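Listing of final-v1.pdb, PDB, C-alpha atoms and all ligand atoms
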```
ATOM      1  CA  MET A 242      -9.084   6.140   7.969
ATOM      2  CA  THR A 243      -5.413   5.464   8.656
ATOM      3  CA  VAL A 244      -2.816   6.109   5.991
ATOM      4  CA  PRO A 245      -0.109   3.435   6.034
ATOM      5  CA  THR A 246       3.443   4.524   6.747
ATOM      6  CA  VAL A 247       6.720   3.598   5.119
ATOM      7  CA  LYS A 248       9.878   3.240   7.218
ATOM      8  CA  LEU A 249      12.760   5.321   5.906
ATOM      9  CA  ALA A 250      16.434   4.364   6.243
ATOM     10  CA  SER A 251      16.662   7.110   8.873
ATOM     11  CA  GLY A 252      14.309   5.069  11.070
ATOM     12  CA  TYR A 253      11.462   7.586  10.788
ATOM     13  CA  ASP A 254       8.043   6.716   9.351
ATOM     14  CA  ILE A 255       6.519   8.684   6.481
ATOM     15  CA  PRO A 256       2.791   8.560   5.634
ATOM     16  CA  GLN A 257       2.647   6.870   2.236
ATOM     17  CA  LEU A 258      -0.017   9.269   0.963
ATOM     18  CA  GLY A 259       0.300  13.016   1.389
ATOM     19  CA  PHE A 260      -0.631  16.345  -0.145
ATOM     20  CA  GLY A 261       1.605  18.210  -2.634
ATOM     21  CA  VAL A 262       1.498  21.972  -3.142
ATOM     22  CA  PHE A 263       3.438  22.584  -6.381
ATOM     23  CA  LEU A 264       1.751  25.469  -8.250
ATOM     24  CA  VAL A 265      -0.514  26.301  -5.336
ATOM     25  CA  PRO A 266      -0.259  30.112  -5.322
ATOM     26  CA  ALA A 267       1.100  31.764  -2.169
ATOM     27  CA  ASP A 268      -2.241  33.402  -1.411
ATOM     28  CA  GLU A 269      -4.126  30.124  -1.770
ATOM     29  CA  ALA A 270      -1.725  27.842   0.089
ATOM     30  CA  GLU A 271      -3.030  28.493   3.583
ATOM     31  CA  ARG A 272      -6.627  27.735   2.558
ATOM     32  CA  ALA A 273      -5.660  24.660   0.534
ATOM     33  CA  VAL A 274      -3.405  23.178   3.238
ATOM     34  CA  SER A 275      -5.949  23.968   5.972
ATOM     35  CA  GLU A 276      -8.560  22.029   4.006
ATOM     36  CA  ALA A 277      -6.128  19.198   3.327
ATOM     37  CA  LEU A 278      -5.425  18.907   7.061
ATOM     38  CA  GLU A 279      -9.162  18.993   7.819
ATOM     39  CA  VAL A 280      -9.778  16.275   5.248
ATOM     40  CA  GLY A 281      -7.159  14.139   7.007
ATOM     41  CA  TYR A 282      -3.802  14.581   5.265
ATOM     42  CA  ARG A 283      -0.840  14.627   7.663
ATOM     43  CA  HIS A 284       2.005  14.720   5.131
ATOM     44  CA  ILE A 285       2.651  17.936   3.187
ATOM     45  CA  ASP A 286       5.200  18.248   0.372
ATOM     46  CA  THR A 287       6.418  21.765  -0.419
ATOM     47  CA  ALA A 288       9.661  23.388  -1.636
ATOM     48  CA  ALA A 289      11.398  26.734  -1.336
ATOM     49  CA  ILE A 290      10.817  27.347  -5.056
ATOM     50  CA  TYR A 291       7.045  26.860  -4.699
ATOM     51  CA  ARG A 292       7.069  30.148  -2.767
ATOM     52  CA  ASN A 293       4.218  29.001  -0.560
ATOM     53  CA  GLU A 294       6.055  27.846   2.572
ATOM     54  CA  GLU A 295       4.525  30.718   4.593
ATOM     55  CA  GLY A 296       0.998  29.625   3.659
ATOM     56  CA  VAL A 297       1.827  26.013   4.512
ATOM     57  CA  GLY A 298       3.225  27.150   7.859
ATOM     58  CA  ALA A 299       0.212  29.335   8.640
ATOM     59  CA  ALA A 300      -2.149  26.438   7.972
ATOM     60  CA  ILE A 301      -0.098  24.131  10.206
ATOM     61  CA  ALA A 302      -0.021  26.683  13.026
ATOM     62  CA  LYS A 303      -3.771  27.314  12.851
ATOM     63  CA  SER A 304      -4.632  23.616  12.657
ATOM     64  CA  GLY A 305      -3.593  22.938  16.239
ATOM     65  CA  ILE A 306      -2.423  19.488  15.143
ATOM     66  CA  PRO A 307       0.503  18.351  17.324
ATOM     67  CA  ARG A 308       3.792  18.713  15.458
ATOM     68  CA  GLU A 309       4.714  15.057  15.898
ATOM     69  CA  GLU A 310       1.549  14.025  14.021
ATOM     70  CA  LEU A 311       2.650  15.920  10.907
ATOM     71  CA  PHE A 312       5.225  15.063   8.274
ATOM     72  CA  VAL A 313       6.537  18.125   6.428
ATOM     73  CA  THR A 314       8.930  18.034   3.479
ATOM     74  CA  THR A 315      10.648  20.981   1.846
ATOM     75  CA  LYS A 316      13.432  21.257  -0.714
ATOM     76  CA  LEU A 317      16.660  23.134  -1.352
ATOM     77  CA  TRP A 318      16.454  25.108  -4.591
ATOM     78  CA  ASN A 319      19.094  24.753  -7.297
ATOM     79  CA  ASP A 320      20.769  28.124  -6.842
ATOM     80  CA  ARG A 321      21.653  27.418  -3.193
ATOM     81  CA  GLN A 322      23.657  24.211  -3.525
ATOM     82  CA  SER A 323      27.178  25.628  -3.261
ATOM     83  CA  GLY A 324      29.328  26.561  -0.273
ATOM     84  CA  GLU A 325      27.446  27.027   2.985
ATOM     85  CA  GLN A 326      24.261  28.246   1.251
ATOM     86  CA  PRO A 327      22.189  25.161   2.127
ATOM     87  CA  HIS A 328      22.510  26.131   5.793
ATOM     88  CA  ASP A 329      21.036  29.573   5.079
ATOM     89  CA  ALA A 330      18.347  28.040   2.874
ATOM     90  CA  ILE A 331      17.056  25.571   5.481
ATOM     91  CA  ARG A 332      16.917  28.296   8.127
ATOM     92  CA  GLU A 333      14.895  30.500   5.776
ATOM     93  CA  SER A 334      12.537  27.624   4.975
ATOM     94  CA  LEU A 335      12.057  26.800   8.668
ATOM     95  CA  ASP A 336      11.411  30.452   9.396
ATOM     96  CA  LYS A 337       8.743  30.644   6.681
ATOM     97  CA  LEU A 338       7.184  27.364   7.784
ATOM     98  CA  GLY A 339       7.278  28.447  11.422
ATOM     99  CA  LEU A 340       8.837  25.112  12.351
ATOM    100  CA  GLU A 341      11.876  24.089  14.373
ATOM    101  CA  TYR A 342      12.571  21.153  12.087
ATOM    102  CA  VAL A 343      11.243  19.571   8.926
ATOM    103  CA  ASP A 344      10.712  15.853   8.640
ATOM    104  CA  LEU A 345      12.422  15.595   5.276
ATOM    105  CA  TYR A 346      14.742  17.963   3.416
ATOM    106  CA  LEU A 347      15.597  17.256  -0.216
ATOM    107  CA  THR A 348      18.047  18.547  -2.799
ATOM    108  CA  HIS A 349      15.545  19.515  -5.516
ATOM    109  CA  TRP A 350      17.567  18.700  -8.701
ATOM    110  CA  PRO A 351      21.129  17.455  -9.245
ATOM    111  CA  THR A 352      21.864  20.273 -11.783
ATOM    112  CA  PRO A 353      24.841  18.221 -13.023
ATOM    113  CA  GLN A 354      26.461  20.974 -15.089
ATOM    114  CA  LYS A 355      26.964  23.057 -11.952
ATOM    115  CA  ASP A 356      28.478  20.032 -10.189
ATOM    116  CA  THR A 357      27.406  21.227  -6.745
ATOM    117  CA  TYR A 358      25.059  18.394  -5.806
ATOM    118  CA  VAL A 359      27.677  16.511  -3.774
ATOM    119  CA  ASN A 360      28.380  19.661  -1.764
ATOM    120  CA  ALA A 361      24.634  20.104  -1.273
ATOM    121  CA  TRP A 362      24.384  16.532  -0.012
ATOM    122  CA  GLU A 363      27.280  17.061   2.435
ATOM    123  CA  LYS A 364      25.453  20.117   3.798
ATOM    124  CA  LEU A 365      22.176  18.197   4.088
ATOM    125  CA  ILE A 366      24.015  15.623   6.210
ATOM    126  CA  GLU A 367      25.164  18.454   8.497
ATOM    127  CA  ILE A 368      21.607  19.841   8.561
ATOM    128  CA  ARG A 369      20.308  16.446   9.627
ATOM    129  CA  ASP A 370      23.023  16.141  12.275
ATOM    130  CA  ALA A 371      22.075  19.604  13.579
ATOM    131  CA  GLY A 372      18.502  18.382  14.060
ATOM    132  CA  LEU A 373      16.963  20.733  11.498
ATOM    133  CA  SER A 374      15.637  17.864   9.369
ATOM    134  CA  ARG A 375      14.872  14.423  10.721
ATOM    135  CA  SER A 376      15.497  12.689   7.411
ATOM    136  CA  ILE A 377      17.266  13.822   4.255
ATOM    137  CA  GLY A 378      16.954  12.821   0.651
ATOM    138  CA  VAL A 379      17.167  13.955  -2.930
ATOM    139  CA  SER A 380      14.885  14.603  -5.856
ATOM    140  CA  ASN A 381      15.342  13.979  -9.569
ATOM    141  CA  HIS A 382      18.643  12.172  -9.027
ATOM    142  CA  LEU A 383      19.629   9.444 -11.494
ATOM    143  CA  PRO A 384      21.686   6.364 -10.527
ATOM    144  CA  GLU A 385      24.913   8.064 -11.654
ATOM    145  CA  HIS A 386      24.248  10.929  -9.207
ATOM    146  CA  LEU A 387      23.201   8.593  -6.403
ATOM    147  CA  ASP A 388      26.332   6.468  -6.874
ATOM    148  CA  ARG A 389      28.486   9.546  -6.513
ATOM    149  CA  LEU A 390      26.712  10.758  -3.365
ATOM    150  CA  VAL A 391      27.260   7.415  -1.699
ATOM    151  CA  ALA A 392      30.862   7.062  -2.926
ATOM    152  CA  GLU A 393      31.763  10.508  -1.589
ATOM    153  CA  THR A 394      29.810  10.565   1.686
ATOM    154  CA  GLY A 395      28.791   6.998   2.505
ATOM    155  CA  VAL A 396      25.250   8.247   3.215
ATOM    156  CA  VAL A 397      22.334   6.819   1.211
ATOM    157  CA  PRO A 398      19.432   9.280   0.757
ATOM    158  CA  SER A 399      16.264   8.221   2.584
ATOM    159  CA  VAL A 400      14.264   8.977  -0.572
ATOM    160  CA  ASP A 401      14.594  10.026  -4.194
ATOM    161  CA  GLN A 402      11.553  12.016  -5.318
ATOM    162  CA  ILE A 403      11.232  11.454  -9.059
ATOM    163  CA  GLU A 404       8.632  11.890 -11.776
ATOM    164  CA  LEU A 405       6.820   8.576 -11.680
ATOM    165  CA  HIS A 406       3.410   7.432 -12.908
ATOM    166  CA  PRO A 407       2.013   4.638 -15.044
ATOM    167  CA  ALA A 408       3.501   6.184 -18.206
ATOM    168  CA  LEU A 409       7.021   6.620 -16.733
ATOM    169  CA  HIS A 410       8.382   3.909 -14.447
ATOM    170  CA  GLN A 411      12.056   4.904 -14.181
ATOM    171  CA  ALA A 412      13.151   1.277 -13.759
ATOM    172  CA  ASP A 413      16.827   2.186 -13.344
ATOM    173  CA  VAL A 414      16.144   4.452 -10.347
ATOM    174  CA  LEU A 415      13.764   1.876  -8.860
ATOM    175  CA  ALA A 416      16.450  -0.818  -9.137
ATOM    176  CA  TRP A 417      18.998   1.454  -7.441
ATOM    177  CA  ALA A 418      16.525   2.178  -4.649
ATOM    178  CA  GLU A 419      15.798  -1.497  -4.120
ATOM    179  CA  ALA A 420      19.491  -2.384  -3.997
ATOM    180  CA  ASN A 421      20.370   0.426  -1.580
ATOM    181  CA  GLY A 422      17.416   0.637   0.822
ATOM    182  CA  MET A 423      16.174   3.982  -0.507
ATOM    183  CA  LYS A 424      12.438   4.751  -0.840
ATOM    184  CA  ILE A 425      10.838   6.220  -3.936
ATOM    185  CA  GLU A 426       8.557   9.235  -3.853
ATOM    186  CA  ALA A 427       6.513   9.696  -7.018
ATOM    187  CA  TRP A 428       6.012  13.267  -8.160
ATOM    188  CA  GLY A 429       3.428  14.012 -10.819
ATOM    189  CA  PRO A 430       1.697  10.798  -9.730
ATOM    190  CA  LEU A 431      -1.323  11.615 -11.895
ATOM    191  CA  GLY A 432       0.876  12.647 -14.809
ATOM    192  CA  GLN A 433       0.126  16.260 -13.810
ATOM    193  CA  GLY A 434      -3.018  16.006 -15.916
ATOM    194  CA  LYS A 435      -0.726  16.239 -18.978
ATOM    195  CA  TYR A 436      -0.590  12.559 -19.920
ATOM    196  CA  PRO A 437      -3.885  10.879 -20.874
ATOM    197  CA  LEU A 438      -3.844   8.391 -17.993
ATOM    198  CA  PHE A 439      -7.480   8.683 -16.972
ATOM    199  CA  GLU A 440      -8.801   7.751 -20.441
ATOM    200  CA  ASN A 441      -6.518   4.732 -20.679
ATOM    201  CA  PRO A 442      -8.614   1.536 -21.056
ATOM    202  CA  ALA A 443      -6.764  -0.297 -18.242
ATOM    203  CA  VAL A 444      -7.401   2.583 -15.833
ATOM    204  CA  ALA A 445     -10.973   3.115 -17.004
ATOM    205  CA  ALA A 446     -11.809  -0.603 -16.689
ATOM    206  CA  ALA A 447     -10.440  -0.776 -13.137
ATOM    207  CA  ALA A 448     -12.356   2.384 -12.231
ATOM    208  CA  GLU A 449     -15.553   0.791 -13.508
ATOM    209  CA  ALA A 450     -14.855  -2.509 -11.725
ATOM    210  CA  HIS A 451     -14.190  -0.897  -8.333
ATOM    211  CA  GLY A 452     -16.655   2.002  -8.555
ATOM    212  CA  LYS A 453     -13.782   4.460  -8.146
ATOM    213  CA  SER A 454     -12.538   7.411 -10.203
ATOM    214  CA  PRO A 455      -9.583   7.007 -12.594
ATOM    215  CA  ALA A 456      -7.503   9.241 -10.308
ATOM    216  CA  GLN A 457      -8.210   6.909  -7.377
ATOM    217  CA  ILE A 458      -7.130   3.941  -9.499
ATOM    218  CA  VAL A 459      -3.826   5.599 -10.380
ATOM    219  CA  ILE A 460      -3.177   6.559  -6.739
ATOM    220  CA  ARG A 461      -3.953   2.988  -5.692
ATOM    221  CA  TRP A 462      -1.484   1.702  -8.327
ATOM    222  CA  HIS A 463       1.246   3.824  -6.716
ATOM    223  CA  LEU A 464       0.390   2.603  -3.217
ATOM    224  CA  GLN A 465       0.367  -1.056  -4.230
ATOM    225  CA  ARG A 466       3.683  -0.606  -6.071
ATOM    226  CA  GLY A 467       5.086   0.722  -2.755
ATOM    227  CA  PHE A 468       5.664   4.326  -3.824
ATOM    228  CA  ILE A 469       5.115   7.365  -1.605
ATOM    229  CA  VAL A 470       2.702   9.831  -3.273
ATOM    230  CA  PHE A 471       1.236  13.285  -2.653
ATOM    231  CA  PRO A 472      -1.183  14.224  -5.427
ATOM    232  CA  LYS A 473      -2.077  17.881  -5.622
ATOM    233  CA  SER A 474      -5.497  19.457  -5.872
ATOM    234  CA  VAL A 475      -6.797  22.771  -4.600
ATOM    235  CA  ARG A 476     -10.360  21.418  -4.740
ATOM    236  CA  ARG A 477     -11.665  19.962  -1.521
ATOM    237  CA  GLU A 478     -13.746  17.226  -3.154
ATOM    238  CA  ARG A 479     -10.665  16.002  -5.006
ATOM    239  CA  MET A 480      -8.587  16.159  -1.817
ATOM    240  CA  GLU A 481     -11.197  13.904  -0.233
ATOM    241  CA  GLN A 482     -11.360  11.617  -3.252
ATOM    242  CA  ASN A 483      -7.574  11.253  -3.461
ATOM    243  CA  LEU A 484      -7.445  10.160   0.175
ATOM    244  CA  ASP A 485     -10.347   7.729  -0.179
ATOM    245  CA  VAL A 486      -8.294   4.874  -1.615
ATOM    246  CA  PHE A 487      -7.983   2.428   1.260
ATOM    247  CA  ASP A 488     -11.198   0.439   0.842
ATOM    248  CA  PHE A 489     -10.302  -1.491  -2.307
ATOM    249  CA  GLU A 490      -7.402  -3.329  -3.863
ATOM    250  CA  LEU A 491      -6.325  -3.660  -7.481
ATOM    251  CA  THR A 492      -5.829  -7.218  -8.686
ATOM    252  CA  ALA A 493      -2.471  -8.413 -10.011
ATOM    253  CA  ASP A 494      -3.963  -8.355 -13.531
ATOM    254  CA  GLU A 495      -5.178  -4.799 -13.105
ATOM    255  CA  ILE A 496      -1.726  -3.730 -11.870
ATOM    256  CA  ALA A 497      -0.117  -5.458 -14.857
ATOM    257  CA  GLY A 498      -2.512  -3.712 -17.249
ATOM    258  CA  ILE A 499      -1.667  -0.314 -15.736
ATOM    259  CA  ASP A 500       2.063  -1.155 -15.758
ATOM    260  CA  ALA A 501       1.768  -1.705 -19.513
ATOM    261  CA  ILE A 502       0.824   1.967 -20.073
ATOM    262  CA  ASP A 503       4.526   2.937 -19.972
ATOM    263  CA  PRO A 504       5.645   3.227 -23.617
ATOM    264  CA  GLY A 505       9.087   2.127 -22.363
ATOM    265  CA  ASP A 506      11.073   4.746 -24.270
ATOM    266  CA  GLY A 507      10.823   7.644 -21.831
ATOM    267  CA  SER A 508       8.193   9.390 -23.976
ATOM    268  CA  GLY A 509       5.741   9.285 -21.084
ATOM    269  CA  ARG A 510       7.755  11.950 -19.267
ATOM    270  CA  VAL A 511       5.672  15.103 -18.675
ATOM    271  CA  GLY A 512       8.243  17.160 -16.745
ATOM    272  CA  SER A 513      11.890  18.092 -17.245
ATOM    273  CA  HIS A 514      14.699  15.570 -17.639
ATOM    274  CA  PRO A 515      17.169  15.756 -14.727
ATOM    275  CA  LEU A 516      20.162  16.137 -17.057
ATOM    276  CA  GLU A 517      18.559  19.181 -18.650
ATOM    277  CA  VAL A 518      17.819  21.184 -15.496
ATOM    278  CA  ASN A 519      20.732  23.384 -14.494
TER     279      ASN A 519
HETATM  280  P1  LIG B 601      -0.148  15.545 -10.001
HETATM  281  O1  LIG B 601       0.204  14.366 -10.838
HETATM  282  O2  LIG B 601      -0.448  15.370  -8.564
HETATM  283  O3  LIG B 601      -1.330  16.252 -10.770
HETATM  284  C1  LIG B 601      -1.988  17.354 -10.216
HETATM  285  C2  LIG B 601      -3.158  17.700 -11.125
HETATM  286  O4  LIG B 601      -3.992  16.555 -11.290
HETATM  287  C3  LIG B 601      -4.032  18.755 -10.482
HETATM  288  O5  LIG B 601      -3.609  20.029 -10.836
HETATM  289  C4  LIG B 601      -5.398  18.418 -11.028
HETATM  290  O6  LIG B 601      -5.538  19.078 -12.266
HETATM  291  C5  LIG B 601      -5.337  16.943 -11.279
HETATM  292  N1  LIG B 601      -6.064  16.163 -10.256
HETATM  293  C6  LIG B 601      -5.763  16.012  -8.933
HETATM  294  N2  LIG B 601      -6.633  15.207  -8.331
HETATM  295  C7  LIG B 601      -7.543  14.845  -9.272
HETATM  296  C8  LIG B 601      -8.687  14.031  -9.270
HETATM  297  N3  LIG B 601      -9.097  13.397  -8.159
HETATM  298  N4  LIG B 601      -9.369  13.886 -10.426
HETATM  299  C9  LIG B 601      -8.974  14.498 -11.542
HETATM  300  N5  LIG B 601      -7.887  15.273 -11.622
HETATM  301  C10 LIG B 601      -7.179  15.460 -10.510
HETATM  302  O7  LIG B 601       1.035  16.604 -10.220
HETATM  303  P2  LIG B 601       1.966  17.470  -9.302
HETATM  304  O8  LIG B 601       1.197  18.421  -8.465
HETATM  305  O9  LIG B 601       2.994  18.045 -10.187
HETATM  306  O10 LIG B 601       2.686  16.388  -8.364
HETATM  307  C11 LIG B 601       2.327  16.171  -7.002
HETATM  308  C12 LIG B 601       3.328  16.811  -6.089
HETATM  309  O11 LIG B 601       4.649  16.348  -6.372
HETATM  310  C13 LIG B 601       3.467  18.325  -6.249
HETATM  311  O12 LIG B 601       2.383  19.045  -5.726
HETATM  312  C14 LIG B 601       4.774  18.562  -5.546
HETATM  313  O13 LIG B 601       4.591  18.507  -4.136
HETATM  314  C15 LIG B 601       5.585  17.369  -6.038
HETATM  315  N6  LIG B 601       6.401  17.692  -7.226
HETATM  316  C16 LIG B 601       7.753  17.617  -7.111
HETATM  317  C17 LIG B 601       8.577  17.893  -8.186
HETATM  318  C18 LIG B 601      10.041  17.766  -8.041
HETATM  319  O14 LIG B 601      10.803  18.161  -8.947
HETATM  320  N7  LIG B 601      10.533  17.245  -6.942
HETATM  321  C19 LIG B 601       8.016  18.282  -9.428
HETATM  322  C20 LIG B 601       6.640  18.362  -9.524
HETATM  323  C21 LIG B 601       5.852  18.050  -8.435
END
```
Using structure tokens, write down the structure that the file contains.
Amino acid sequence: MTVPTVKLASGYDIPQLGFGVFLVPADEAERAVSEALEVGYRHIDTAAIYRNEEGVGAAIAKSGIPREELFVTTKLWNDRQSGEQPHDAIRESLDKLGLEYVDLYLTHWPTPQKDTYVNAWEKLIEIRDAGLSRSIGVSNHLPEHLDRLVAETGVVPSVDQIELHPALHQADVLAWAEANGMKIEAWGPLGQGKYPLFENPAVAAAAEAHGKSPAQIVIRWHLQRGFIVFPKSVRRERMEQNLDVFDFELTADEIAGIDAIDPGDGSGRVGSHPLEVN
């Protein structure tokens, strides 16, 4: 089974389907990531604030998988955006991960009230230029933040990692991405289990038609919409299931039915709003 890749503006390829480790406890991360690597995942999404980078790194080291076959993302936490702090933060993350570079480094939230996200972006550009991250991007940035990053630095993020699932499409960010050559990473791709996606008739009908689980249908929706996803599960059978989505295709009608789940008023959001995280 080969996971397709998406070409980033940086020129590097990212596996379109990966494994996320938000809320995977530090003492469980090594086991979970080891299993994910055994199952076949080669793209791991972590963050300094998840406090499990050491476990991720231990699993990578023990796997024996050549570094160039892995794609590792981590993120700069909100309290390290100012001054030279991003430089300290990436070195700490690399140390915990046991890596010489990450594939993708992201500013986790814009935290607009602090007004340090442009500085953070300038430091990420330096971090990329120093070879500590091959590609750089942002997370939870809205078009107004993205416009400012580009106006002040001229550098378009390779990705914006945003909450995105059938109940929250974020059309304005998608339009910005399309216009500027930025890729979209969907966090909470399954609605974090908080939005009733799996019971939705459009999802359930497609699951029945293809002999797949509702989670597999939602993951397939993301892939066919072109998003990069990394659903999280600490259970091996779900890790396997979430990767087993390359032997069927949703029809245009099925995609349209799943698209229609979004209430259109933002009420499908299950996580925090970017303007409210500071
Ligand atoms: P998710 O949408 O991937 O949902 C995870 C939950 O879905 C699991 O806890 C499990 O309960 C359930 N699940 C997983 N596979 C299933 C299956 N096959 N069948 C039934 N239920 C299943 O939510 P997430 O973990 O928040 O998002 C994925 C990743 O995105 C995270 O692990 C993290 O890497 C990233 N993330 C980033 C941000 C950010 O601010 N940048 C925020 C949240 C998450």
Query - At most 9 Å from ligand LIG 601 (chain B) (only C-alpha atoms and all ligand atoms): residue list as a ChimeraX atom specification - result: /A:259-265,285-288,291,314-316,347-350,379-381,401-406,426-435,439,454-457,470-476,478-483,512-513,515
Store the residues picked out above in a file with C-alpha atoms, as a PDB file, in the frame of the given file.
```pdb
ATOM      1  CA  GLY A 259       0.300  13.016   1.389  1.00  0.00           C
ATOM      2  CA  PHE A 260      -0.631  16.345  -0.145  1.00  0.00           C
ATOM      3  CA  GLY A 261       1.605  18.210  -2.634  1.00  0.00           C
ATOM      4  CA  VAL A 262       1.498  21.972  -3.142  1.00  0.00           C
ATOM      5  CA  PHE A 263       3.438  22.584  -6.381  1.00  0.00           C
ATOM      6  CA  LEU A 264       1.751  25.469  -8.250  1.00  0.00           C
ATOM      7  CA  VAL A 265      -0.514  26.301  -5.336  1.00  0.00           C
ATOM      8  CA  ILE A 285       2.651  17.936   3.187  1.00  0.00           C
ATOM      9  CA  ASP A 286       5.200  18.248   0.372  1.00  0.00           C
ATOM     10  CA  THR A 287       6.418  21.765  -0.419  1.00  0.00           C
ATOM     11  CA  ALA A 288       9.661  23.388  -1.636  1.00  0.00           C
ATOM     12  CA  TYR A 291       7.045  26.860  -4.699  1.00  0.00           C
ATOM     13  CA  THR A 314       8.930  18.034   3.479  1.00  0.00           C
ATOM     14  CA  THR A 315      10.648  20.981   1.846  1.00  0.00           C
ATOM     15  CA  LYS A 316      13.432  21.257  -0.714  1.00  0.00           C
ATOM     16  CA  LEU A 347      15.597  17.256  -0.216  1.00  0.00           C
ATOM     17  CA  THR A 348      18.047  18.547  -2.799  1.00  0.00           C
ATOM     18  CA  HIS A 349      15.545  19.515  -5.516  1.00  0.00           C
ATOM     19  CA  TRP A 350      17.567  18.700  -8.701  1.00  0.00           C
ATOM     20  CA  VAL A 379      17.167  13.955  -2.930  1.00  0.00           C
ATOM     21  CA  SER A 380      14.885  14.603  -5.856  1.00  0.00           C
ATOM     22  CA  ASN A 381      15.342  13.979  -9.569  1.00  0.00           C
ATOM     23  CA  ASP A 401      14.594  10.026  -4.194  1.00  0.00           C
ATOM     24  CA  GLN A 402      11.553  12.016  -5.318  1.00  0.00           C
ATOM     25  CA  ILE A 403      11.232  11.454  -9.059  1.00  0.00           C
ATOM     26  CA  GLU A 404       8.632  11.890 -11.776  1.00  0.00           C
ATOM     27  CA  LEU A 405       6.820   8.576 -11.680  1.00  0.00           C
ATOM     28  CA  HIS A 406       3.410   7.432 -12.908  1.00  0.00           C
ATOM     29  CA  GLU A 426       8.557   9.235  -3.853  1.00  0.00           C
ATOM     30  CA  ALA A 427       6.513   9.696  -7.018  1.00  0.00           C
ATOM     31  CA  TRP A 428       6.012  13.267  -8.160  1.00  0.00           C
ATOM     32  CA  GLY A 429       3.428  14.012 -10.819  1.00  0.00           C
ATOM     33  CA  PRO A 430       1.697  10.798  -9.730  1.00  0.00           C
ATOM     34  CA  LEU A 431      -1.323  11.615 -11.895  1.00  0.00           C
ATOM     35  CA  GLY A 432       0.876  12.647 -14.809  1.00  0.00           C
ATOM     36  CA  GLN A 433       0.126  16.260 -13.810  1.00  0.00           C
ATOM     37  CA  GLY A 434      -3.018  16.006 -15.916  1.00  0.00           C
ATOM     38  CA  LYS A 435      -0.726  16.239 -18.978  1.00  0.00           C
ATOM     39  CA  PHE A 439      -7.480   8.683 -16.972  1.00  0.00           C
ATOM     40  CA  SER A 454     -12.538   7.411 -10.203  1.00  0.00           C
ATOM     41  CA  PRO A 455      -9.583   7.007 -12.594  1.00  0.00           C
ATOM     42  CA  ALA A 456      -7.503   9.241 -10.308  1.00  0.00           C
ATOM     43  CA  GLN A 457      -8.210   6.909  -7.377  1.00  0.00           C
ATOM     44  CA  VAL A 470       2.702   9.831  -3.273  1.00  0.00           C
ATOM     45  CA  PHE A 471       1.236  13.285  -2.653  1.00  0.00           C
ATOM     46  CA  PRO A 472      -1.183  14.224  -5.427  1.00  0.00           C
ATOM     47  CA  LYS A 473      -2.077  17.881  -5.622  1.00  0.00           C
ATOM     48  CA  SER A 474      -5.497  19.457  -5.872  1.00  0.00           C
ATOM     49  CA  VAL A 475      -6.797  22.771  -4.600  1.00  0.00           C
ATOM     50  CA  ARG A 476     -10.360  21.418  -4.740  1.00  0.00           C
ATOM     51  CA  GLU A 478     -13.746  17.226  -3.154  1.00  0.00           C
ATOM     52  CA  ARG A 479     -10.665  16.002  -5.006  1.00  0.00           C
ATOM     53  CA  MET A 480      -8.587  16.159  -1.817  1.00  0.00           C
ATOM     54  CA  GLU A 481     -11.197  13.904  -0.233  1.00  0.00           C
ATOM     55  CA  GLN A 482     -11.360  11.617  -3.252  1.00  0.00           C
ATOM     56  CA  ASN A 483      -7.574  11.253  -3.461  1.00  0.00           C
ATOM     57  CA  GLY A 512       8.243  17.160 -16.745  1.00  0.00           C
ATOM     58  CA  SER A 513      11.890  18.092 -17.245  1.00  0.00           C
ATOM     59  CA  PRO A 515      17.169  15.756 -14.727  1.00  0.00           C
TER      60      PRO A 515
END
```
Query - Surrounding residues of Val343 of chain A excluding itself and chain neighbours under 4 positions, 8 Å, all atoms listed in the file, as a list in words - result: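 Returned residues: Phe312, Val313, Thr314, Thr315, Leu335, Leu373, Ser374 and Arg375 of chain A.
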Query - Atom pair atom CA of Trp362 of chain A / atom CA of Pro266 of chain A: separation (Å) - result: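 Going from atom CA of Trp362 of chain A over to atom CA of Pro266 of chain A, I get 28.6 Å.
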Requested in this report: One decimal, Å: what's the distance from atom CA of Ala416 of chain A over to atom CA of Arg369 of chain A, could you say?
Outcome: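 The value is 25.8 Å.
When atom CA of Glu490 of chain A is paired with atom CA of Val400 of chain A, their separation reads 25.1 Å.
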Query raised in the report: With distances taken over all atoms listed in the file, which of A:Pro256, A:Glu341, A:Tyr346, A:Arg272 is nearest to Glu310 of chain A?
Result: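 Result for the nearest residue to Glu310 of chain A: A:Pro256.
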Given 4 Å on each side, where is the centre and what are the edge lengths in Å to one decimal of the axis-aligned box enclosing the listed atoms of segment 350-361 of chain A, as AutoDock Vina command-line options?
```
--center_x 23.0 --center_y 19.8 --center_z -8.2 --size_x 18.9 --size_y 14.5 --size_z 21.8
```
Query - Shell around Gly296 of chain A at 7 Å using only C-alpha atoms, local window under 5 positions removed, as a ChimeraX atom specification - result: /A:267,270-271
Query raised in the report: For Ala273 of chain A, which residue among A:Ile306, A:Ala300, A:Leu258, A:Ala443 is the nearest when counting all atoms listed in the file?
Result: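 Smallest distance to Ala273 of chain A is found for A:Ala300.
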Report task. Find the residues near Leu409 of chain A: any atom within 8 Å, counting all atoms listed in the file, skip ones fewer than 4 places away on the same chain, and give them as a ChimeraX atom specification. Result -> /A:404-405,503-505,507-510
Query raised in the report: Just so the selection is clear, what residues does the PyMOL selection byres (((chain A and resi 396) around 12) and not hetatm) cover here, as an MDAnalysis selection string?
Result: chainID A and resid 250:251 359 362:367 369 376:379 387:395 397:400 421:423
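Checking A:Ile458, A:Asn519, A:Pro384, A:Val511 one by one against Phe487 of chain A, counting only C-alpha atoms, you find the shortest gap at A:Ile458.
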Query raised in the report: Given the file above and the PyMOL selection byres (((chain A and resi 326) around 12) and not hetatm), which residues are selected, and can you give them as a PyMOL selection string?
Result: chain A and resi 317-325+327-333+357+360-365+368
